[in-house]
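Participant: Got a structure for you, written out below as structure tokens; questions coming shortly.
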Amino acid sequence: MADAPAPMVDFKACFAEFIAMMFFVYIGCGSATFNAGSSGWVLAVALQFGVGIMVLAYATAHISGGQINCAVTFALCITGDLPWAQGGANFVCQMIGSMVGAALLSITAHGNGDLTRGQEDGDKIGGLGCNGVGDTYTQGGAFVAEFMMTALLVYVVLQTAVNKKSLGQPNIAPIPIGFAVFLAHVVLIPIDGCSINPTRSFGPAVVASAMGSTNVWDDMWVFWAAPLLGAATVAVMTIGAKRAYEPTEEVVAESELPAKDTSV
């Protein structure tokens, strides 16, 4: 009897992405929500996001690949390491997980517990660790920074978790990935709160706007366009590099074969 065809979508992987994103938003944005403005808070929040992604990647890598970021998911689809149908399903579950995590965080931070929410002319500003370009920076500057830091993250993912020639792959991959997230947050938190992950930005914005914040969508295009473009750029460059070096590797492999006996 012929085996049944494999399903187009692995719902176990989708659920893993949902759970991981829910925890990631709660602990990452939670660290900003409850520590913003305190001594050394930028490093503390950056470390929280980095360690958070490392822990959750270890927990879900064997189920879904531990993407926990739709920019990473997008890059994996472009390189062919993830089917587009699975990538789309993962994306939907990541979005839902982000909103659920932000909703749970809003319950914990009810009242004056949210240090990322200010007051200006009676209007609420942000909250729940929402992303927004700082007053001393421009959207263009933030776009470049988000592009660069997302490119860094995706490059590390592709070369440590995906590239089979990577030392220790995939057992130690979450460690350098976590450090890449940490590095990105140290650079980006003062600029725009650091996204490099559109799904991380979306959930808190939805919940914060439902709670009355009015400006959480002003810069949202930056937190989608820049990370996705950065991810796509690295993915395309990776494909190009692979195609460029594959013929060379084949020639080298052939040169290592024993010489044919041409004697008569």
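If you're wondering about the labels, chains in the structure tokens are A, B, ... by order shown, residues count from 1 in each chain, ligands from 1 in order shown.
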Which parts of segment 52-239 of chain A does DSSP call strand (DSSP E or B) when run on the backbone here, written out as a PyMOL selection string?
Facilitator: chain A and resi 117-120+123-126
Participant: Suppose we keep all heavy atoms; can you now write the selection as a compact mmCIF listing (two decimals), in the first residue's frame?
Facilitator:
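Wrote part-v6.txt, looks like this:
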```txt
# COMPACT_ATOMS: atom_id res chain seq x y z
N ARG A 117 5.21 53.75 28.27
CA ARG A 117 4.07 54.58 27.87
C ARG A 117 4.19 55.93 28.56
O ARG A 117 4.22 56.02 29.78
CB ARG A 117 2.75 53.91 28.23
CG ARG A 117 1.53 54.69 27.75
CD ARG A 117 0.27 53.88 27.88
NE ARG A 117 0.03 53.52 29.28
CZ ARG A 117 -0.77 52.53 29.65
NH1 ARG A 117 -1.36 51.77 28.74
NH2 ARG A 117 -0.97 52.27 30.93
N GLY A 118 4.23 56.99 27.75
CA GLY A 118 4.35 58.34 28.28
C GLY A 118 3.05 59.09 28.17
O GLY A 118 2.00 58.53 27.89
N GLN A 119 3.16 60.37 28.38
CA GLN A 119 1.99 61.23 28.32
C GLN A 119 2.37 62.53 27.63
O GLN A 119 3.34 63.18 28.01
CB GLN A 119 1.46 61.51 29.74
CG GLN A 119 0.01 61.92 29.79
CD GLN A 119 -0.92 60.74 29.62
OE1 GLN A 119 -0.52 59.62 29.82
NE2 GLN A 119 -2.15 61.00 29.24
N GLU A 120 1.65 62.88 26.62
CA GLU A 120 1.93 64.13 25.89
C GLU A 120 0.62 64.77 25.50
O GLU A 120 -0.14 64.24 24.69
CB GLU A 120 2.76 63.82 24.64
CG GLU A 120 3.19 65.07 23.86
CD GLU A 120 4.06 64.71 22.68
OE1 GLU A 120 5.28 64.60 22.86
OE2 GLU A 120 3.50 64.53 21.59
N ASP A 123 -2.35 62.63 25.62
CA ASP A 123 -2.45 61.49 24.71
C ASP A 123 -1.41 60.45 25.08
O ASP A 123 -0.26 60.77 25.36
CB ASP A 123 -2.22 61.95 23.27
CG ASP A 123 -2.52 60.85 22.27
OD1 ASP A 123 -3.31 59.96 22.62
OD2 ASP A 123 -1.97 60.90 21.16
N LYS A 124 -1.80 59.19 25.11
CA LYS A 124 -0.88 58.12 25.45
C LYS A 124 0.15 57.91 24.34
O LYS A 124 -0.18 58.02 23.15
CB LYS A 124 -1.64 56.82 25.69
CG LYS A 124 -2.53 56.86 26.93
CD LYS A 124 -3.29 55.56 27.09
CE LYS A 124 -4.17 55.60 28.32
NZ LYS A 124 -4.96 54.36 28.48
N ILE A 125 1.38 57.67 24.73
CA ILE A 125 2.44 57.43 23.76
C ILE A 125 2.91 55.99 23.87
O ILE A 125 3.40 55.58 24.91
CB ILE A 125 3.64 58.38 24.00
CG1 ILE A 125 3.18 59.84 23.93
CG2 ILE A 125 4.74 58.12 22.99
CD1 ILE A 125 4.25 60.82 24.31
N GLY A 126 2.77 55.23 22.83
CA GLY A 126 3.32 53.88 22.79
C GLY A 126 2.79 52.97 23.87
O GLY A 126 1.61 52.88 24.14
```
Participant: Please report as a Markdown table every residue of segment 4-44 of chain A lying within 12 Å of segment 187-198 of chain A, along with the nearest atom pair and their distance in Å (one decimal), using only C-alpha atoms.
Facilitator:
```
| residue | atom | partner | partner_atom | distance |
| --- | --- | --- | --- | --- |
| A:Met21 | CA | A:Asn197 | CA | 10.6 |
| A:Phe24 | CA | A:Asn197 | CA | 11.0 |
| A:Val25 | CA | A:Asn197 | CA | 10.6 |
| A:Gly28 | CA | A:Cys194 | CA | 10.9 |
| A:Cys29 | CA | A:Gly193 | CA | 9.7 |
| A:Ser31 | CA | A:Gly193 | CA | 11.9 |
| A:Ala32 | CA | A:Gly193 | CA | 8.9 |
| A:Thr33 | CA | A:Gly193 | CA | 11.2 |
| A:Ala36 | CA | A:Gly193 | CA | 10.3 |
| A:Gly37 | CA | A:Pro190 | CA | 11.1 |
| A:Trp41 | CA | A:Ile189 | CA | 10.0 |
| A:Val42 | CA | A:Ile189 | CA | 6.7 |
| A:Leu43 | CA | A:Ile189 | CA | 9.3 |
| A:Ala44 | CA | A:Ile189 | CA | 11.0 |
```
Participant: Please identify which residues in segment 26-151 of chain A DSSP calls helix (DSSP H, G or I) from the backbone, and express them as a PDB file with C-alpha atoms, in the first residue's frame.
Facilitator:
```
ATOM      1  CA  TYR A  26       5.959  38.710  26.578  1.00  0.00           C
ATOM      2  CA  ILE A  27       9.517  38.359  27.904  1.00  0.00           C
ATOM      3  CA  GLY A  28      11.219  40.655  25.381  1.00  0.00           C
ATOM      4  CA  CYS A  29       8.749  43.512  25.312  1.00  0.00           C
ATOM      5  CA  GLY A  30       8.095  42.857  28.995  1.00  0.00           C
ATOM      6  CA  SER A  31      11.726  43.581  29.809  1.00  0.00           C
ATOM      7  CA  ALA A  32      11.371  46.993  28.121  1.00  0.00           C
ATOM      8  CA  THR A  33       7.935  47.635  29.613  1.00  0.00           C
ATOM      9  CA  PHE A  34       9.144  47.191  33.193  1.00  0.00           C
ATOM     10  CA  ASN A  35      12.731  48.503  32.909  1.00  0.00           C
ATOM     11  CA  TRP A  41      18.238  49.286  30.855  1.00  0.00           C
ATOM     12  CA  VAL A  42      19.348  49.225  27.217  1.00  0.00           C
ATOM     13  CA  LEU A  43      21.882  46.465  27.848  1.00  0.00           C
ATOM     14  CA  ALA A  44      19.434  44.610  30.083  1.00  0.00           C
ATOM     15  CA  VAL A  45      16.672  44.659  27.465  1.00  0.00           C
ATOM     16  CA  ALA A  46      19.090  43.773  24.657  1.00  0.00           C
ATOM     17  CA  LEU A  47      20.324  40.800  26.666  1.00  0.00           C
ATOM     18  CA  GLN A  48      16.757  39.736  27.439  1.00  0.00           C
ATOM     19  CA  PHE A  49      15.824  39.673  23.753  1.00  0.00           C
ATOM     20  CA  GLY A  50      19.044  37.839  22.838  1.00  0.00           C
ATOM     21  CA  VAL A  51      18.769  35.202  25.547  1.00  0.00           C
ATOM     22  CA  GLY A  52      15.043  34.894  24.884  1.00  0.00           C
ATOM     23  CA  ILE A  53      15.524  34.045  21.227  1.00  0.00           C
ATOM     24  CA  MET A  54      18.336  31.619  22.088  1.00  0.00           C
ATOM     25  CA  VAL A  55      16.249  29.744  24.661  1.00  0.00           C
ATOM     26  CA  LEU A  56      13.145  29.589  22.460  1.00  0.00           C
ATOM     27  CA  ALA A  57      15.154  28.576  19.387  1.00  0.00           C
ATOM     28  CA  TYR A  58      16.625  25.666  21.345  1.00  0.00           C
ATOM     29  CA  ALA A  59      13.112  24.723  22.503  1.00  0.00           C
ATOM     30  CA  THR A  60      11.533  24.749  19.038  1.00  0.00           C
ATOM     31  CA  CYS A  70       8.729  36.393   9.863  1.00  0.00           C
ATOM     32  CA  ALA A  71      11.802  38.034   8.293  1.00  0.00           C
ATOM     33  CA  VAL A  72      13.759  34.839   8.973  1.00  0.00           C
ATOM     34  CA  THR A  73      10.843  32.761   7.702  1.00  0.00           C
ATOM     35  CA  PHE A  74      10.754  34.878   4.522  1.00  0.00           C
ATOM     36  CA  ALA A  75      14.488  34.387   3.946  1.00  0.00           C
ATOM     37  CA  LEU A  76      14.199  30.616   4.389  1.00  0.00           C
ATOM     38  CA  CYS A  77      11.380  30.503   1.829  1.00  0.00           C
ATOM     39  CA  ILE A  78      13.464  32.467  -0.665  1.00  0.00           C
ATOM     40  CA  THR A  79      16.483  30.174  -0.267  1.00  0.00           C
ATOM     41  CA  TRP A  84       6.184  28.689   0.898  1.00  0.00           C
ATOM     42  CA  ALA A  85       2.992  27.029   2.179  1.00  0.00           C
ATOM     43  CA  GLN A  86       4.671  26.187   5.491  1.00  0.00           C
ATOM     44  CA  GLY A  87       6.218  29.637   5.641  1.00  0.00           C
ATOM     45  CA  GLY A  88       2.819  31.278   5.173  1.00  0.00           C
ATOM     46  CA  ALA A  89       1.252  29.127   7.878  1.00  0.00           C
ATOM     47  CA  ASN A  90       4.133  29.863  10.242  1.00  0.00           C
ATOM     48  CA  PHE A  91       3.713  33.573   9.563  1.00  0.00           C
ATOM     49  CA  VAL A  92       0.025  33.530  10.488  1.00  0.00           C
ATOM     50  CA  CYS A  93       0.762  31.700  13.738  1.00  0.00           C
ATOM     51  CA  GLN A  94       3.619  34.063  14.553  1.00  0.00           C
ATOM     52  CA  MET A  95       1.270  37.022  14.143  1.00  0.00           C
ATOM     53  CA  ILE A  96      -1.354  35.479  16.401  1.00  0.00           C
ATOM     54  CA  GLY A  97       1.296  34.564  18.971  1.00  0.00           C
ATOM     55  CA  SER A  98       2.589  38.128  18.966  1.00  0.00           C
ATOM     56  CA  MET A  99      -0.870  39.535  19.669  1.00  0.00           C
ATOM     57  CA  VAL A 100      -1.577  36.992  22.414  1.00  0.00           C
ATOM     58  CA  GLY A 101       1.783  37.684  24.073  1.00  0.00           C
ATOM     59  CA  ALA A 102       1.142  41.440  23.947  1.00  0.00           C
ATOM     60  CA  ALA A 103      -2.377  40.997  25.338  1.00  0.00           C
ATOM     61  CA  LEU A 104      -1.047  38.983  28.278  1.00  0.00           C
ATOM     62  CA  LEU A 105       1.659  41.597  28.839  1.00  0.00           C
ATOM     63  CA  SER A 106      -0.975  44.353  28.908  1.00  0.00           C
ATOM     64  CA  ILE A 107      -2.738  42.561  31.766  1.00  0.00           C
ATOM     65  CA  THR A 108       0.494  42.387  33.767  1.00  0.00           C
ATOM     66  CA  GLN A 139      12.618  57.289   9.411  1.00  0.00           C
ATOM     67  CA  GLY A 140      15.281  56.987   6.713  1.00  0.00           C
ATOM     68  CA  GLY A 141      18.021  56.543   9.291  1.00  0.00           C
ATOM     69  CA  ALA A 142      15.954  53.982  11.172  1.00  0.00           C
ATOM     70  CA  PHE A 143      15.244  52.164   7.901  1.00  0.00           C
ATOM     71  CA  VAL A 144      18.954  51.770   7.168  1.00  0.00           C
ATOM     72  CA  ALA A 145      19.659  50.586  10.716  1.00  0.00           C
ATOM     73  CA  GLU A 146      16.801  48.054  10.660  1.00  0.00           C
ATOM     74  CA  PHE A 147      17.935  46.817   7.246  1.00  0.00           C
ATOM     75  CA  MET A 148      21.519  46.324   8.414  1.00  0.00           C
ATOM     76  CA  MET A 149      20.712  44.624  11.696  1.00  0.00           C
ATOM     77  CA  THR A 150      18.131  42.293  10.131  1.00  0.00           C
ATOM     78  CA  ALA A 151      20.672  41.432   7.446  1.00  0.00           C
TER      79      ALA A 151
END
```
Participant: Given only C-alpha atoms as the basis, pick out the residue of A:Ser39, A:Thr138, A:Ala161, A:Gly80 nearest to Ala61 of chain A.
Facilitator: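 Looking at the shortest contact to Ala61 of chain A, the residue is A:Ala161.
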Participant: Hey, can you check how far atom CA of Leu158 of chain A sits from atom CA of Met237 of chain A?
Facilitator: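 If I compute the distance from atom CA of Leu158 of chain A to atom CA of Met237 of chain A, I get 11.1 Å.
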Participant: At what distance in Å, to one decimal, does atom CA of Asn131 of chain A lie from atom CA of Pro204 of chain A?
Facilitator: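 Taking atom CA of Pro204 of chain A and atom CA of Asn131 of chain A, their separation equals 8.6 Å.
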Participant: With only C-alpha atoms as the atoms that count, which of A:Gly66, A:Pro227, A:Gly203, A:Pro170 lies nearest to Ala16 of chain A?
Facilitator: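 Selected residue with least distance to Ala16 of chain A: A:Gly66.
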Participant: Mind giving me the straight-line distance from atom CA of Gln169 of chain A to atom CA of Trp224 of chain A in Å, one decimal?
Facilitator: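 Between these atoms lies a distance of 29.2 Å.
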Participant: Would you pick out the contacts of Pro176 of chain A at 9 Å or less, using only C-alpha atoms, so that residues sharing its chain but fewer than 3 positions from it are not included, and give the list as a list in words?
Facilitator: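 Once the adjacent positions are removed, what remains is Met54, Val156, Val157, Thr160, Ile172, Ala173, Phe179, Ala180 and Val181 of chain A.
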